[in-house]
>>> print(open('upload-v5.cif').read())   # mmCIF, C-alpha atoms and all ligand atoms
data_entry
loop_
_atom_site.label_atom_id
_atom_site.label_comp_id
_atom_site.auth_asym_id
_atom_site.auth_seq_id
_atom_site.Cartn_x
_atom_site.Cartn_y
_atom_site.Cartn_z
CA MET A 1060 19.53 6.51 9.93
CA SER A 1061 18.25 2.96 9.42
CA ALA A 1062 20.09 0.46 7.25
CA GLN A 1063 17.32 0.76 4.69
CA GLU A 1064 17.70 4.52 4.45
CA SER A 1065 21.47 4.53 4.16
CA ALA A 1066 21.14 1.97 1.39
CA GLY A 1067 19.64 4.78 -0.71
CA ARG A 1068 16.81 4.33 -3.18
CA PRO A 1069 14.40 1.54 -2.25
CA ALA A 1070 13.76 -1.14 -4.87
CA SER A 1071 10.03 -0.79 -4.39
CA VAL A 1072 7.50 0.85 -2.08
CA PRO A 1073 4.35 -1.08 -1.26
CA LEU A 1074 1.07 0.76 -0.70
CA LEU A 1075 0.76 -1.15 2.57
CA ASP A 1076 3.06 -3.68 4.23
CA VAL A 1077 1.08 -5.35 6.98
CA ALA A 1078 3.99 -7.66 7.81
CA ARG A 1079 6.22 -4.78 8.93
CA GLY A 1080 3.81 -3.94 11.73
CA ASN A 1081 3.04 -7.53 12.65
CA ALA A 1082 6.53 -9.08 12.56
CA PRO A 1083 7.82 -7.53 15.82
CA LEU A 1084 4.71 -8.85 17.60
CA GLN A 1085 5.02 -12.42 16.33
CA THR A 1086 5.85 -13.98 19.71
CA GLU A 1087 3.02 -12.13 21.42
CA PHE A 1088 0.55 -13.16 18.73
CA VAL A 1089 1.49 -16.80 19.02
CA ALA A 1090 1.19 -16.71 22.82
CA ALA A 1091 -2.22 -14.99 22.65
CA LEU A 1092 -3.53 -17.40 20.03
CA GLU A 1093 -2.21 -20.42 21.93
CA ASN A 1094 -3.98 -19.17 24.98
CA VAL A 1095 -7.29 -19.13 23.09
CA LEU A 1096 -6.56 -22.57 21.65
CA ASP A 1097 -5.92 -23.97 25.11
CA SER A 1098 -9.05 -22.34 26.54
CA GLY A 1099 -11.30 -23.74 23.81
CA ARG A 1100 -13.46 -20.60 24.10
CA PHE A 1101 -13.56 -19.74 20.41
CA VAL A 1102 -16.81 -17.78 20.58
CA PHE A 1103 -17.33 -15.03 23.18
CA GLY A 1104 -14.12 -15.82 25.04
CA PRO A 1105 -12.96 -13.25 27.61
CA GLU A 1106 -10.73 -11.53 24.99
CA VAL A 1107 -13.84 -10.46 23.08
CA PHE A 1108 -15.28 -8.60 26.07
CA GLU A 1109 -11.90 -7.11 26.96
CA LEU A 1110 -11.56 -5.75 23.42
CA GLU A 1111 -15.09 -4.29 23.60
CA LYS A 1112 -14.05 -2.46 26.76
CA GLN A 1113 -10.81 -1.18 25.26
CA ILE A 1114 -12.35 0.06 22.00
CA ALA A 1115 -15.15 1.78 23.93
CA ALA A 1116 -12.55 3.45 26.18
CA ALA A 1117 -10.41 4.52 23.22
CA SER A 1118 -13.51 6.10 21.64
CA GLN A 1119 -14.63 7.60 24.96
CA ALA A 1120 -17.92 5.75 24.53
CA LYS A 1121 -19.56 3.85 27.37
CA PHE A 1122 -20.26 0.61 25.49
CA GLY A 1123 -18.57 -1.46 22.81
CA VAL A 1124 -20.42 -4.23 21.00
CA SER A 1125 -18.32 -6.43 18.73
CA CYS A 1126 -19.46 -8.06 15.50
CA ALA A 1127 -18.07 -9.83 12.46
CA SER A 1128 -17.11 -6.82 10.29
CA GLY A 1129 -17.41 -3.10 9.78
CA SER A 1130 -20.09 -3.80 7.19
CA ASP A 1131 -22.11 -5.72 9.78
CA ALA A 1132 -21.59 -2.93 12.31
CA LEU A 1133 -23.35 -0.52 9.92
CA LEU A 1134 -26.08 -3.06 9.16
CA LEU A 1135 -26.68 -3.84 12.84
CA ALA A 1136 -26.85 -0.17 13.80
CA LEU A 1137 -29.52 0.41 11.14
CA MET A 1138 -31.42 -2.76 12.17
CA ALA A 1139 -31.40 -1.72 15.81
CA TYR A 1140 -32.94 1.64 14.81
CA ASP A 1141 -35.69 -0.30 12.99
CA ILE A 1142 -34.78 1.20 9.64
CA GLY A 1143 -36.52 -0.48 6.73
CA PRO A 1144 -38.79 -0.02 3.70
CA GLY A 1145 -40.03 3.55 3.25
CA ASP A 1146 -37.13 5.01 5.23
CA GLU A 1147 -34.34 7.14 3.82
CA VAL A 1148 -30.78 7.32 5.10
CA ILE A 1149 -28.41 10.06 3.94
CA VAL A 1150 -24.97 8.80 2.99
CA PRO A 1151 -22.03 10.04 0.94
CA SER A 1152 -21.61 8.53 -2.53
CA PHE A 1153 -17.83 8.93 -2.23
CA THR A 1154 -17.14 6.08 0.21
CA PHE A 1155 -16.68 2.35 0.43
CA PHE A 1156 -19.69 0.34 -0.78
CA ALA A 1157 -20.74 -0.93 2.67
CA THR A 1158 -21.91 2.52 3.81
CA ALA A 1159 -24.79 2.41 1.33
CA SER A 1160 -25.29 -1.34 0.91
CA ALA A 1161 -26.25 -1.70 4.58
CA VAL A 1162 -29.13 0.72 3.97
CA TRP A 1163 -30.16 -1.00 0.74
CA ARG A 1164 -30.16 -4.48 2.25
CA LEU A 1165 -32.79 -3.41 4.78
CA GLY A 1166 -35.08 -2.19 2.01
CA ALA A 1167 -34.47 1.44 2.92
CA LYS A 1168 -33.24 4.05 0.46
CA PRO A 1169 -29.69 5.40 0.53
CA VAL A 1170 -29.93 9.10 -0.36
CA PHE A 1171 -26.60 10.40 -1.60
CA ALA A 1172 -25.19 13.78 -0.60
CA ASP A 1173 -22.17 15.51 -2.12
CA ILE A 1174 -18.81 16.04 -0.43
CA ASP A 1175 -16.53 18.85 0.68
CA PRO A 1176 -13.82 18.75 -2.01
CA VAL A 1177 -11.09 19.56 0.53
CA THR A 1178 -11.69 16.75 3.04
CA PHE A 1179 -13.70 14.39 0.77
CA ASN A 1180 -16.22 14.14 3.63
CA ILE A 1181 -19.98 14.55 3.33
CA ASP A 1182 -20.99 18.23 3.09
CA PRO A 1183 -23.51 19.30 5.76
CA ALA A 1184 -25.16 21.78 3.36
CA ALA A 1185 -25.71 18.91 0.92
CA ILE A 1186 -27.22 16.81 3.72
CA ALA A 1187 -29.64 19.59 4.69
CA ALA A 1188 -30.75 19.85 1.05
CA VAL A 1189 -31.90 16.22 0.84
CA VAL A 1190 -33.65 15.75 4.20
CA THR A 1191 -37.30 14.69 3.71
CA PRO A 1192 -40.04 13.56 6.13
CA ASN A 1193 -38.88 9.98 5.40
CA THR A 1194 -35.28 10.58 6.48
CA LYS A 1195 -34.39 8.51 9.54
CA ALA A 1196 -30.61 8.69 9.81
CA ILE A 1197 -27.38 10.14 8.49
CA ILE A 1198 -24.22 8.08 8.05
CA PRO A 1199 -21.24 10.44 7.96
CA VAL A 1200 -18.07 8.61 6.94
CA HIS A 1201 -14.79 9.80 8.45
CA LEU A 1202 -13.13 9.17 5.13
CA PHE A 1203 -9.42 8.35 4.93
CA GLY A 1204 -9.17 8.93 8.70
CA GLN A 1205 -10.42 12.50 9.09
CA ALA A 1206 -13.62 13.24 11.00
CA ALA A 1207 -16.57 14.63 9.09
CA ASP A 1208 -18.03 18.01 10.15
CA MET A 1209 -19.84 16.55 13.15
CA THR A 1210 -21.05 19.80 14.79
CA ALA A 1211 -23.04 20.72 11.70
CA ILE A 1212 -24.20 17.13 11.13
CA ASN A 1213 -25.39 16.70 14.71
CA ALA A 1214 -27.24 20.03 14.45
CA ILE A 1215 -29.11 18.87 11.33
CA ALA A 1216 -29.88 15.57 13.05
CA ALA A 1217 -31.20 17.34 16.14
CA ALA A 1218 -33.39 19.67 14.05
CA HIS A 1219 -34.99 16.77 12.14
CA ASP A 1220 -34.87 14.05 14.80
CA LEU A 1221 -32.43 11.79 12.91
CA TRP A 1222 -29.96 9.19 14.11
CA VAL A 1223 -26.29 9.80 13.43
CA ILE A 1224 -24.39 6.61 12.63
CA GLU A 1225 -20.67 7.33 12.37
CA ASP A 1226 -18.87 5.20 9.81
CA ALA A 1227 -15.53 5.32 11.62
CA CYS A 1228 -14.14 2.25 9.84
CA GLN A 1229 -11.13 4.19 8.56
CA ALA A 1230 -10.73 6.52 11.49
CA ILE A 1231 -10.08 4.81 14.81
CA LEU A 1232 -8.43 7.33 17.22
CA ALA A 1233 -9.22 10.28 14.95
CA GLU A 1234 -10.62 13.24 16.87
CA TYR A 1235 -13.00 16.09 16.26
CA ASP A 1236 -12.53 19.05 18.60
CA GLY A 1237 -10.73 16.74 21.03
CA GLN A 1238 -13.47 14.09 20.96
CA PRO A 1239 -12.56 10.70 19.51
CA VAL A 1240 -14.74 9.41 16.69
CA GLY A 1241 -17.28 6.77 17.63
CA SER A 1242 -18.72 8.82 20.50
CA ILE A 1243 -19.74 11.98 18.60
CA GLY A 1244 -22.89 10.65 16.92
CA ASP A 1245 -25.39 8.14 18.33
CA VAL A 1246 -23.38 5.08 17.39
CA GLY A 1247 -19.92 4.48 15.93
CA CYS A 1248 -19.00 1.67 13.54
CA PHE A 1249 -15.46 0.31 13.30
CA SER A 1250 -13.76 -2.27 11.10
CA PHE A 1251 -10.75 -4.46 11.86
CA TYR A 1252 -10.20 -5.46 8.25
CA PRO A 1253 -6.42 -5.92 7.81
CA THR A 1254 -5.92 -2.64 5.90
CA LYS A 1255 -7.56 -0.51 8.59
CA ASN A 1256 -5.49 1.32 11.20
CA LEU A 1257 -6.28 -1.43 13.71
CA GLY A 1258 -6.26 -4.46 11.46
CA GLY A 1259 -6.87 -8.03 12.55
CA MET A 1260 -5.91 -11.27 10.84
CA GLY A 1261 -9.22 -11.47 9.04
CA ASP A 1262 -12.55 -9.72 9.46
CA GLY A 1263 -13.90 -8.02 12.54
CA GLY A 1264 -16.00 -5.08 13.62
CA MET A 1265 -17.25 -3.06 16.57
CA MET A 1266 -20.04 -0.65 17.46
CA THR A 1267 -19.69 2.00 20.16
CA THR A 1268 -22.43 3.95 21.90
CA ASN A 1269 -23.21 5.83 25.10
CA ASP A 1270 -26.77 4.51 25.21
CA GLU A 1271 -27.07 1.42 27.39
CA GLU A 1272 -30.45 0.33 26.02
CA PHE A 1273 -29.24 0.71 22.47
CA ALA A 1274 -26.09 -1.30 23.25
CA ALA A 1275 -28.33 -4.10 24.53
CA LYS A 1276 -30.32 -3.89 21.29
CA LEU A 1277 -27.15 -4.16 19.23
CA ARG A 1278 -26.16 -7.28 21.20
CA LEU A 1279 -29.63 -8.72 20.64
CA TYR A 1280 -29.50 -8.14 16.86
CA ARG A 1281 -25.98 -9.54 16.43
CA GLY A 1282 -27.10 -12.79 18.10
CA HIS A 1283 -30.18 -13.74 16.05
CA GLY A 1284 -32.44 -11.57 18.22
CA MET A 1285 -32.28 -14.38 20.73
CA GLU A 1286 -32.89 -13.59 24.41
CA PRO A 1287 -33.19 -15.78 26.38
CA ARG A 1288 -31.76 -18.77 24.53
CA TYR A 1289 -34.09 -20.03 21.75
CA TYR A 1290 -36.61 -17.23 22.29
CA HIS A 1291 -36.59 -14.62 19.51
CA SER A 1292 -38.31 -11.26 19.96
CA VAL A 1293 -36.80 -9.77 16.77
CA VAL A 1294 -35.12 -11.24 13.68
CA GLY A 1295 -31.42 -10.56 14.02
CA ILE A 1296 -28.36 -11.98 12.31
CA ASN A 1297 -25.36 -14.01 13.37
CA SER A 1298 -22.45 -11.59 13.51
CA ARG A 1299 -19.75 -12.29 16.07
CA LEU A 1300 -16.14 -11.30 16.48
CA ASP A 1301 -14.34 -14.57 17.16
CA THR A 1302 -11.98 -14.94 20.10
CA PHE A 1303 -8.90 -15.46 17.91
CA GLN A 1304 -9.45 -12.09 16.25
CA ALA A 1305 -10.05 -10.37 19.57
CA ALA A 1306 -6.86 -11.90 21.00
CA THR A 1307 -4.88 -10.65 17.98
CA LEU A 1308 -6.35 -7.17 18.27
CA LEU A 1309 -5.61 -7.00 22.00
CA VAL A 1310 -1.93 -7.58 21.21
CA LYS A 1311 -2.07 -4.63 18.81
CA MET A 1312 -4.12 -2.22 20.94
CA PRO A 1313 -1.21 -0.92 23.07
CA LYS A 1314 0.60 0.09 19.85
CA LEU A 1315 -2.30 1.85 18.17
CA ALA A 1316 -1.64 5.37 19.49
CA GLN A 1317 2.03 5.15 18.47
CA TRP A 1318 1.14 3.79 15.03
CA THR A 1319 -1.31 6.66 14.58
CA ASP A 1320 1.44 9.13 15.49
CA MET A 1321 3.74 7.47 12.95
CA ARG A 1322 1.08 7.89 10.26
CA ARG A 1323 0.74 11.54 11.27
CA GLU A 1324 4.52 12.04 11.05
CA ASN A 1325 4.55 10.43 7.61
CA ALA A 1326 1.77 12.74 6.44
CA ALA A 1327 3.68 15.78 7.71
CA ARG A 1328 6.84 14.55 5.99
CA TYR A 1329 5.03 14.14 2.66
CA GLY A 1330 3.79 17.71 3.03
CA GLU A 1331 7.35 18.99 3.56
CA LEU A 1332 8.83 16.88 0.76
CA PHE A 1333 6.15 17.79 -1.79
CA GLN A 1334 6.48 21.48 -0.92
CA ALA A 1335 10.27 21.40 -1.05
CA ALA A 1336 10.03 19.85 -4.53
CA GLY A 1337 7.50 22.47 -5.64
CA MET A 1338 5.13 19.60 -6.33
CA ASP A 1339 2.33 21.15 -4.29
CA GLU A 1340 1.63 23.24 -7.40
CA CYS A 1341 1.11 20.15 -9.56
CA VAL A 1342 -0.87 17.93 -7.22
CA ILE A 1343 -3.28 18.93 -4.46
CA LEU A 1344 -2.15 17.66 -1.07
CA PRO A 1345 -4.59 16.43 1.57
CA VAL A 1346 -5.49 18.91 4.29
CA GLU A 1347 -5.96 18.29 7.99
CA TYR A 1348 -8.58 20.72 9.23
CA PRO A 1349 -7.74 22.58 12.46
CA ASP A 1350 -8.96 20.66 15.51
CA HIS A 1351 -9.51 17.51 13.44
CA LYS A 1352 -6.92 14.96 14.49
CA HIS A 1353 -6.46 12.98 11.30
CA ALA A 1354 -5.69 9.26 11.67
CA TRP A 1355 -4.38 9.00 8.08
CA ASN A 1356 -5.68 5.60 7.03
CA GLN A 1357 -4.97 6.96 3.54
CA TYR A 1358 -2.83 9.81 2.21
CA THR A 1359 -4.91 10.88 -0.75
CA ILE A 1360 -3.71 13.50 -3.19
CA ARG A 1361 -5.67 14.98 -6.09
CA VAL A 1362 -4.12 14.86 -9.53
CA PRO A 1363 -5.86 17.42 -11.73
CA GLN A 1364 -5.94 17.87 -15.51
CA GLY A 1365 -6.74 14.25 -16.30
CA ARG A 1366 -3.25 13.09 -15.33
CA ARG A 1367 -4.15 10.76 -12.47
CA ASP A 1368 -4.05 7.46 -14.34
CA ALA A 1369 -0.80 8.33 -16.11
CA LEU A 1370 0.82 9.27 -12.80
CA ARG A 1371 -0.41 6.04 -11.26
CA GLN A 1372 1.12 4.07 -14.14
CA HIS A 1373 4.37 6.00 -13.75
CA LEU A 1374 4.46 5.09 -10.04
CA ALA A 1375 3.73 1.45 -10.88
CA ASP A 1376 6.58 1.49 -13.45
CA HIS A 1377 8.83 2.53 -10.55
CA LYS A 1378 7.39 -0.21 -8.31
CA ILE A 1379 5.51 2.23 -6.09
CA GLY A 1380 2.11 1.08 -4.89
CA SER A 1381 -0.89 3.40 -5.05
CA GLU A 1382 -4.64 2.96 -5.17
CA ILE A 1383 -7.75 4.79 -6.27
CA TYR A 1384 -10.21 5.08 -3.41
CA TYR A 1385 -12.77 5.19 -5.05
CA PRO A 1386 -12.93 5.07 -8.83
CA VAL A 1387 -16.72 4.76 -9.18
CA PRO A 1388 -18.98 6.75 -6.85
CA LEU A 1389 -21.78 4.65 -5.38
CA HIS A 1390 -24.57 6.48 -7.22
CA GLN A 1391 -22.92 5.35 -10.47
CA GLN A 1392 -22.65 1.68 -9.48
CA ALA A 1393 -24.60 -0.75 -11.66
CA CYS A 1394 -26.41 -2.24 -8.66
CA PHE A 1395 -27.92 1.15 -7.80
CA ALA A 1396 -28.94 1.99 -11.37
CA SER A 1397 -32.62 1.76 -10.47
CA MET A 1398 -32.22 4.87 -8.28
CA SER A 1399 -32.14 7.31 -11.15
CA GLU A 1400 -32.45 10.69 -9.50
CA HIS A 1401 -29.81 12.20 -7.31
CA ALA A 1402 -28.98 15.61 -5.96
CA SER A 1403 -25.99 17.23 -7.61
CA LEU A 1404 -22.91 15.15 -6.87
CA VAL A 1405 -20.39 17.11 -8.92
CA GLU A 1406 -17.68 17.19 -6.27
CA THR A 1407 -18.03 13.43 -5.79
CA GLU A 1408 -17.72 12.78 -9.52
CA LYS A 1409 -14.74 15.11 -9.81
CA ALA A 1410 -12.96 13.52 -6.84
CA ALA A 1411 -13.39 10.04 -8.30
CA LEU A 1412 -11.45 11.17 -11.37
CA GLU A 1413 -8.63 12.86 -9.46
CA VAL A 1414 -7.86 10.97 -6.24
CA LEU A 1415 -4.76 8.86 -5.75
CA SER A 1416 -3.75 7.31 -2.43
CA LEU A 1417 -0.04 6.95 -1.71
CA PRO A 1418 1.75 4.69 0.83
CA ILE A 1419 1.30 6.06 4.40
CA PHE A 1420 1.53 2.98 6.68
CA PRO A 1421 3.33 3.55 10.02
CA GLU A 1422 6.61 1.78 9.21
CA LEU A 1423 7.09 3.53 5.85
CA THR A 1424 10.62 5.00 5.89
CA ALA A 1425 11.71 8.55 5.10
CA ALA A 1426 13.81 7.15 2.23
CA GLU A 1427 10.73 5.48 0.77
CA GLN A 1428 8.76 8.69 1.06
CA ARG A 1429 11.54 10.64 -0.66
CA TYR A 1430 11.50 8.10 -3.48
CA VAL A 1431 7.73 8.49 -3.86
CA VAL A 1432 8.01 12.28 -4.05
CA GLU A 1433 11.00 12.14 -6.42
CA THR A 1434 9.07 9.81 -8.69
CA VAL A 1435 6.07 12.15 -8.78
CA ASP A 1436 8.50 14.99 -9.47
CA LYS A 1437 10.03 13.05 -12.37
CA PHE A 1438 6.58 12.48 -13.85
CA TYR A 1439 5.89 16.23 -13.96
CA SER A 1440 9.33 17.20 -15.21
CA THR A 1441 8.89 14.74 -18.10
CA ILE A 1442 5.57 16.38 -18.98
CA GLN A 1443 7.14 19.84 -18.87
CA LYS A 1444 10.02 18.74 -21.11
CA LYS A 1445 7.52 17.31 -23.58
CA ALA A 1446 5.50 20.54 -23.49
CA VAL A 1447 8.62 22.62 -24.25
CA ALA A 1448 9.80 20.31 -27.06
C1 LIG B 1 -13.69 -0.92 5.47
C2 LIG B 1 -14.88 -0.07 5.47
C3 LIG B 1 -16.16 -0.58 5.76
C4 LIG B 1 -16.44 -2.05 5.92
O1 LIG B 1 -15.65 -2.70 6.81
P1 LIG B 1 -15.45 -4.31 6.66
O2 LIG B 1 -14.88 -4.67 7.99
O3 LIG B 1 -14.49 -4.50 5.54
O4 LIG B 1 -16.76 -4.91 6.41
C5 LIG B 1 -17.20 0.31 5.82
N1 LIG B 1 -17.04 1.61 5.58
C6 LIG B 1 -15.84 2.14 5.28
C7 LIG B 1 -15.73 3.59 5.06
C8 LIG B 1 -14.72 1.31 5.20
O5 LIG B 1 -13.54 1.84 4.88
#
>>> encode(input="upload-v5.cif", output="structure tokens")
Amino acid sequence: MSAQESAGRPASVPLLDVARGNAPLQTEFVAALENVLDSGRFVFGPEVFELEKQIAAASQAKFGVSCASGSDALLLALMAYDIGPGDEVIVPSFTFFATASAVWRLGAKPVFADIDPVTFNIDPAAIAAVVTPNTKAIIPVHLFGQAADMTAINAIAAAHDLWVIEDACQAILAEYDGQPVGSIGDVGCFSFYPTKNLGGMGDGGMMTTNDEEFAAKLRLYRGHGMEPRYYHSVVGINSRLDTFQAATLLVKMPKLAQWTDMRRENAARYGELFQAAGMDECVILPVEYPDHKHAWNQYTIRVPQGRRDALRQHLADHKIGSEIYYPVPLHQQACFASMSEHASLVETEKAALEVLSLPIFPELTAAEQRYVVETVDKFYSTIQKKAVA
């Protein structure tokens, strides 16, 4: 038992404590960053290409192409497929904004499809229902760290000649039938934003693909469409992963598998604790589908009967961090108000009212998890007492 556990109830539990993961690596970070400083190679230093290789290998993809963020990875993938005005791209509405904004920024239309209420991932039947002759691509999001239903999605894509762009920003090292995300569709998009499972010290992103020509196109688009120098065949953007970020991420890479296992252990422990407390009848626990290796970027429960916000407040009163990913589905965002008609998105709208993400980061202790579950338990026992009174 660690000192923290034997000390009993924790004073507070953060939703995420990045410092706990980074602190033991401090010396290695400083050495790696000093090395970059000494080299003076701040853009496209050797660390950038080494990281591209390692992320590609971890995803079992042949090529990795780095860029400035996960948002840019999505944008670049769409640009390299020549997606633009008149084109439609099918996306979930229950996701982070970037999944749809990348489509919008290119003048194409994000077409929203509803989700599977169990995994929160885009529902293949809902995708099939909104395919039109203008559809060019599907962006399944492996939300919270669990792979979307890729067999069905790839089958729809094959039938209609669509690109599959995996939004794997939350799901590095997650697997679907033994295959890591990022190599299941045509291209995978990753983010190194600090809250992701492989988080840098700022922004960063990566695309993975098995298609050599497409990888070259991604490199072209991330560098202003310039090849050779000062000759531009297409209009690209400037989106690079800087060498400092790559050096930081290379220090973290050897730990990623272990950190993922720790997240998985924490998820299993929550399951046991919630069940032991009988709480699995009050809240709906997240499910890992068979043969989907969940990477648990988030541990997201559902709180039915309109009690989510009260429970969140109760947790906050006990200094327990939680977050709502995502409170407003994208089809209801003000910026997309001009797109008035949508397919039925009832599961999306219901999820937005019920979801609550609890702390799941690798270094979270068993004592902290017990405190979280006890505090949820207390919330429900107070309600029951009130109901009886
Ligand atoms: C984080 C995230 C992104 C964007 O990544 P950034 O690196 O923050 O730009 C895109 N999609 C999903 C699902 C994400 O979680």
>>> residues_around(input="upload-v5.cif", residues="segment 1389-1392 of chain A", least_positions_apart="6", cutoff="10 Å", atoms="all atoms listed in the file", output="number ranges by chain")
A: 1150-1160, 1169-1172, 1398-1401, 1404, 1407-1408
>>> closest_atom_pairs(input="upload-v5.cif", of="segment 1238-1350 of chain A", to="segment 1072-1091 of chain A", cutoff="10 Å", atoms="only C-alpha atoms", output="tab-separated table")
residue	atom	partner	partner_atom	distance
A:Pro1253	CA	A:Val1077	CA	7.6
A:Thr1254	CA	A:Val1077	CA	7.6
A:Gly1258	CA	A:Val1077	CA	8.6
A:Gly1259	CA	A:Asn1081	CA	9.9
A:Met1260	CA	A:Asn1081	CA	9.9
A:Phe1303	CA	A:Ala1091	CA	8.2
A:Ala1305	CA	A:Ala1091	CA	9.6
A:Ala1306	CA	A:Ala1091	CA	5.8
A:Thr1307	CA	A:Phe1088	CA	6.0
A:Leu1308	CA	A:Phe1088	CA	9.1
A:Leu1309	CA	A:Ala1091	CA	8.7
A:Val1310	CA	A:Phe1088	CA	6.6
A:Lys1311	CA	A:Leu1084	CA	8.1
A:Lys1314	CA	A:Gly1080	CA	9.6
A:Trp1318	CA	A:Gly1080	CA	8.8
>>> residues_near_point(input="upload-v5.cif", point="(16.5, 8.2, -0.1)", cutoff="7 Å", atoms="only C-alpha atoms", output="mmCIF file with C-alpha atoms, keeping the file's coordinate frame")
data_model
loop_
_atom_site.group_PDB
_atom_site.id
_atom_site.type_symbol
_atom_site.label_atom_id
_atom_site.label_comp_id
_atom_site.auth_asym_id
_atom_site.auth_seq_id
_atom_site.Cartn_x
_atom_site.Cartn_y
_atom_site.Cartn_z
ATOM 1 C CA GLU A 1064 17.700 4.520 4.450
ATOM 2 C CA GLY A 1067 19.640 4.780 -0.710
ATOM 3 C CA ARG A 1068 16.810 4.330 -3.180
ATOM 4 C CA ALA A 1426 13.810 7.150 2.230
ATOM 5 C CA GLU A 1427 10.730 5.480 0.770
ATOM 6 C CA ARG A 1429 11.540 10.640 -0.660
ATOM 7 C CA TYR A 1430 11.500 8.100 -3.480
#
>>> residues_near_ligand(input="upload-v5.cif", ligand="ligand LIG 1 (chain B)", cutoff="8 Å", atoms="all atoms listed in the file", output="list in words")
Ala1127, Ser1128, Gly1129, Ser1130, Asp1131, Ala1132, Leu1133, Thr1154, Phe1155, Phe1156, Ala1157, Thr1158, Val1200, His1201, Leu1202, Phe1203, Asp1226, Ala1227, Cys1228, Gln1229, Phe1249, Ser1250, Phe1251, Tyr1252, Thr1254, Lys1255, Asp1262, Gly1263 and Gly1264 of chain A
>>> closest_residue(input="upload-v5.cif", among="A:Asp1436, A:Gly1145, A:Pro1363, A:Ala1120", to="Gln1334 of chain A", atoms="all atoms listed in the file")
A:Asp1436
>>> closest_residue(input="upload-v5.cif", among="A:Lys1437, A:Ala1369, A:Lys1445, A:Gly1380", to="Ser1071 of chain A", atoms="only C-alpha atoms")
A:Gly1380
>>> closest_residue(input="upload-v5.cif", among="A:Gly1365, A:Gly1261, A:Gly1295, A:Glu1109", to="Lys1276 of chain A", atoms="all atoms listed in the file")
A:Gly1295
>>> closest_atom_pairs(input="upload-v5.cif", of="segment 1351-1384 of chain A", to="segment 1418-1424 of chain A", cutoff="8 Å", atoms="all atoms listed in the file", output="CSV")
residue,atom,partner,partner_atom,distance
A:Trp1355,CA,A:Ile1419,CA,7.4
A:Asn1356,CA,A:Ile1419,CA,7.5
A:Gln1357,CA,A:Ile1419,CA,6.4
A:Tyr1358,CA,A:Ile1419,CA,6.0
A:Gly1380,CA,A:Pro1418,CA,6.8
A:Ser1381,CA,A:Pro1418,CA,6.6
>>> closest_residue(input="upload-v5.cif", among="A:Ala1336, A:Ile1174, A:Val1162, A:Cys1126", to="Phe1395 of chain A", atoms="all atoms listed in the file")
A:Val1162
>>> atom_distance(input="upload-v5.cif", atom1="atom CA of Ala1335 of chain A", atom2="atom CA of Gln1428 of chain A")
13.0 Å
>>> residues_around(input="upload-v5.cif", residues="Pro1345 of chain A", least_positions_apart="6", cutoff="12 Å", atoms="only C-alpha atoms", output="PDB file with C-alpha atoms, keeping the file's coordinate frame")
ATOM      1  CA  PRO A1176     -13.820  18.750  -2.010  1.00  0.00           C
ATOM      2  CA  VAL A1177     -11.090  19.560   0.530  1.00  0.00           C
ATOM      3  CA  THR A1178     -11.690  16.750   3.040  1.00  0.00           C
ATOM      4  CA  PHE A1179     -13.700  14.390   0.770  1.00  0.00           C
ATOM      5  CA  LEU A1202     -13.130   9.170   5.130  1.00  0.00           C
ATOM      6  CA  PHE A1203      -9.420   8.350   4.930  1.00  0.00           C
ATOM      7  CA  GLY A1204      -9.170   8.930   8.700  1.00  0.00           C
ATOM      8  CA  GLN A1205     -10.420  12.500   9.090  1.00  0.00           C
ATOM      9  CA  ALA A1326       1.770  12.740   6.440  1.00  0.00           C
ATOM     10  CA  ALA A1327       3.680  15.780   7.710  1.00  0.00           C
ATOM     11  CA  TYR A1329       5.030  14.140   2.660  1.00  0.00           C
ATOM     12  CA  GLY A1330       3.790  17.710   3.030  1.00  0.00           C
ATOM     13  CA  PHE A1333       6.150  17.790  -1.790  1.00  0.00           C
ATOM     14  CA  ASP A1339       2.330  21.150  -4.290  1.00  0.00           C
ATOM     15  CA  HIS A1353      -6.460  12.980  11.300  1.00  0.00           C
ATOM     16  CA  TRP A1355      -4.380   9.000   8.080  1.00  0.00           C
ATOM     17  CA  GLN A1357      -4.970   6.960   3.540  1.00  0.00           C
ATOM     18  CA  TYR A1358      -2.830   9.810   2.210  1.00  0.00           C
ATOM     19  CA  THR A1359      -4.910  10.880  -0.750  1.00  0.00           C
ATOM     20  CA  ILE A1360      -3.710  13.500  -3.190  1.00  0.00           C
ATOM     21  CA  ARG A1361      -5.670  14.980  -6.090  1.00  0.00           C
ATOM     22  CA  VAL A1362      -4.120  14.860  -9.530  1.00  0.00           C
ATOM     23  CA  VAL A1414      -7.860  10.970  -6.240  1.00  0.00           C
ATOM     24  CA  LEU A1415      -4.760   8.860  -5.750  1.00  0.00           C
ATOM     25  CA  SER A1416      -3.750   7.310  -2.430  1.00  0.00           C
ATOM     26  CA  LEU A1417      -0.040   6.950  -1.710  1.00  0.00           C
TER      27      LEU A1417
END
>>> atom_distance(input="upload-v5.cif", atom1="atom CA of Asn1269 of chain A", atom2="atom CA of Ser1242 of chain A")
7.1 Å
>>> residues_around(input="upload-v5.cif", residues="segment 1208-1211 of chain A", least_positions_apart="3", cutoff="8 Å", atoms="all atoms listed in the file", output="PyMOL selection string")
chain A and resi 1180-1183+1214-1215+1235+1243-1244
>>> closest_residue(input="upload-v5.cif", among="A:Val1124, A:Ala1275, A:Ala1230, A:Val1346", to="Val1107 of chain A", atoms="only C-alpha atoms")
A:Val1124
>>> atom_distance(input="upload-v5.cif", atom1="atom CA of Asp1301 of chain A", atom2="atom CA of Val1102 of chain A")
5.3 Å
